[in-house]
Amino acid sequence: MTLVGSRVRRIEDQRLITGKGQYIDDLDLPGTLFLAILRSNVAHARLTKVDVSDALKVPGVVDAFSGLNVRVENRPRNFPMASTEILYEGHPLACVVATDRYTAYDALERVQVEYEQLPAVTDPLEAAKEKMSAVEGEKNLVYNRIYSSGNPQQALEKSDRVVELQLDISRVYPAAMETRGLLVTYTPNLLTVYAPTQSPHFMRRYLLEAFGRDIQDIRVIQPDVGGAFGSKLFPYPEDYITVYASLRTKRSVKWISTRSEDMRSTYHARGQIHKVKAGARRDGTLTGIMDDLYIDLGAASHGTYLADIAATMLPGPYAVRDVVVNVYGVRTNKTPLDQYRGAGRPEASFVIERIMDSLADEIGMDPVEFRKRNLLRELPYRNPFGLQYDSGNYMQLLERAERVYRDMEARAKELQKAGRRVGVGFDFYLEQNNFGPWESASVRVRGDGKIIVIIGAAPHGQGTATGIAQIVADELGVEMEDIDVRWGDTSMIGEAYGTYGSRSLTLAGNAAIMASRKVKEKAVRLAAQFMKSDVEELRYEQGKVTNVKTGKFMTLKEIASKSMSSLGGVWKYREEPGLEATAYFGLNNYTYPYGSHVVMVEVVDGRPRVLEYYAIDDIGKVVNPMLAEGQVRGGVIQGFGETVLEEIVYDENGSLLSGNFSDYAIPTAVEGFNIRWEYSETGKSDAPLPAKGIGEGATIGTPPALLRALENATGKKLTRLPVRPEDLSP
């Protein structure tokens, strides 16, 4: 039986659903100290005094400090702690290290802070006018880039219809089930950092860059992770503060964020405003697009790449050449901004799909027909900004989705006749993933026949171990039960990148294939020595090496066992012993999955209720449809949350108004709905395993389709995410 392509149940789940998972706060070492962080309750101020002396007098307090500054790229000077200027609500001011959690938090009340409040900059459009500085007296506009192709101004002037839209995409909070945390264990030459990170090797690199003079090495171990969605990848202030506290005290130190801390300190996402002009001819030809893109970076500038992704992906799957996107990255007195599931692609898809619906309405054309008029017919295709769309058949997939759309439309019209506010929405999305540059994997066959696969990817709920086990089992011709997939420890494999950008099976999966092939080649050479055969007489098939002349064979287990069976003596074979190989795999281009979403929604008392949902994706070879479908289901629910529930709201003074789950709504089982998913395997990648990523596609495809359905249900023009109840009222 071929495992790749089969709906194999996740091998990770039994341990987790039986309560045997080990998350960061489950780890507790004897003598560990607990760290608590004092955070600013104002958004912008000149810091004049932080005094921790009284906190140090509290019984059980071991250390307390303030003013820690570390130079980290694209972070302000007041990082990880405010030393001269407070830049956002939640900015760390000081910390206390104590023998237990409660003592540490109690002692925070003894820290004395004095500051002079400054005006807060909260509106990114106003911030770009430079009336006042948000960060350390510097300009707010810290990033400006123009992506331009053709002559869009002229194209719009020659258009029969032009629409102008301001599309507002709110900030959102990633809202992982498990808040962030860190446990650092100290020895004189080695720090071991346990962290729910998406990239242990990246964390090791940036911590060594900061503290390499103080410690010989740092080992990073990823325990089980209760959700991440991109938010647990990049450097955080608390990483540096906790490591520094361990170095100061020469003790193990643990920090666990509370939920309210997490909502103020975990990097927010999205936060873009697009001022768009777009044109079309009467025959439905999309002529040109002009976009001023403002990204609200918060009090740092490490999120600018999100605007670059959104800008370069803005043309989507449509044949338009006259496009310009002016990117403006502005700093404000808010929590810094960075990636969240989709990372720039949901914003791009939302904008281009809003353009397509608006222009279709303006010229009086069916929105699906309008898309078909402009959809790319031949691939590969280089888009106006140089991105090379790789493979697939966009029209074929669109027409499959259209049949579902027409059927839903017919049923919606019957419900509308009964007086119900029902609408159907449709979109077509194009993804970009395989963010590299490469990934690693090692395959080791033990003497007992057990196969250990170590991957450089760092999965945290995706089911990657199951997919990797399927891939390696097929490649080596062994049972899945014989394979043990491991990850998340920088001591297990030399270098790696991690899990993000829908890359794990495409890159780590192919690295595992390449390593497995090296193992097979080695097995043949060893078997030739053991069986006294010529290599040319041997074939590797289904977990064994067979002499095609004599029919004699040795299994992979027997070859490994014979390599390891004796203690003492000499090695009398020419081939080096051991069945182990490491491989690194990268592609020279991104991969571009694509898909379509169709949704029927009803609005009752200003609240949307999804009646039917359909999604179809082309992600190349589907390793495990069950894993892929799980990603789609989760992504659709998250996309639903972003469209109608989730919104980070600040007041004009920079105070976070949606700083708890009473005010920041996320989808629950009550809002859940059935999702029907189908897939195509037309658009394969140029890799031994021709798969593309699925982890983020659903969050890209959901908002445009759902918003369009709400428009059709209410008859209102909708231009912002999320939609508020008042936007949907009659």
# chains A, B, ... in the order shown; residues from 1 in each chain; ligands from 1

$ residues_around --residues "Glu378 of chain A" --least-positions-apart "6" --cutoff "9 Å" --atoms "only C-alpha atoms" --output "list of chain:residue names"
A:Ser391, A:Gly392, A:Asn393, A:Tyr394

$ residues_around --residues "segment 568-579 of chain A" --least-positions-apart "3" --cutoff "6 Å" --atoms "only C-alpha atoms" --output "list in words"
Arg444, Val445, Val519 and Ser563 of chain A

$ select_by_dssp --residues "segment 105-280 of chain A" --states "strand (DSSP E or B)" --output "number ranges by chain"
A: 112-117, 141-149, 161-172, 181-186, 190-194, 217-221, 224, 253-256, 268-280

$ residues_around --residues "Val72 of chain A" --least-positions-apart "5" --cutoff "9 Å" --atoms "only C-alpha atoms" --output "PyMOL selection string"
chain A and resi 77+79-80+206+210+235

$ write_last_selection --atoms "C-alpha atoms" --output "short mmCIF file (atom, residue, chain, number, x, y, z; two decimals), in the first residue's frame"
data_model
loop_
_atom_site.label_atom_id
_atom_site.label_comp_id
_atom_site.auth_asym_id
_atom_site.auth_seq_id
_atom_site.Cartn_x
_atom_site.Cartn_y
_atom_site.Cartn_z
CA ARG A 77 16.83 51.44 21.23
CA PHE A 79 14.48 47.07 23.62
CA PRO A 80 13.81 44.73 25.34
CA TYR A 206 19.63 35.34 17.86
CA ALA A 210 23.17 38.81 22.07
CA PRO A 235 12.60 37.58 18.75
#

$ residues_around --residues "Arg708 of chain A" --least-positions-apart "2" --cutoff "12 Å" --atoms "only C-alpha atoms" --output "PyMOL selection string"
chain A and resi 350+353-358+361+367+422-427+597-601+643+701-706+710-721+723

$ closest_residue --among "A:Glu678, A:Asp296, A:Asp63, A:Glu642" --to "Ile616 of chain A" --atoms "only C-alpha atoms"
A:Glu678

$ atom_distance --atom1 "atom CA of Lys49 of chain A" --atom2 "atom CA of Ala107 of chain A"
17.2 Å

$ atom_distance --atom1 "atom CA of Ala515 of chain A" --atom2 "atom CA of Ile452 of chain A"
11.6 Å
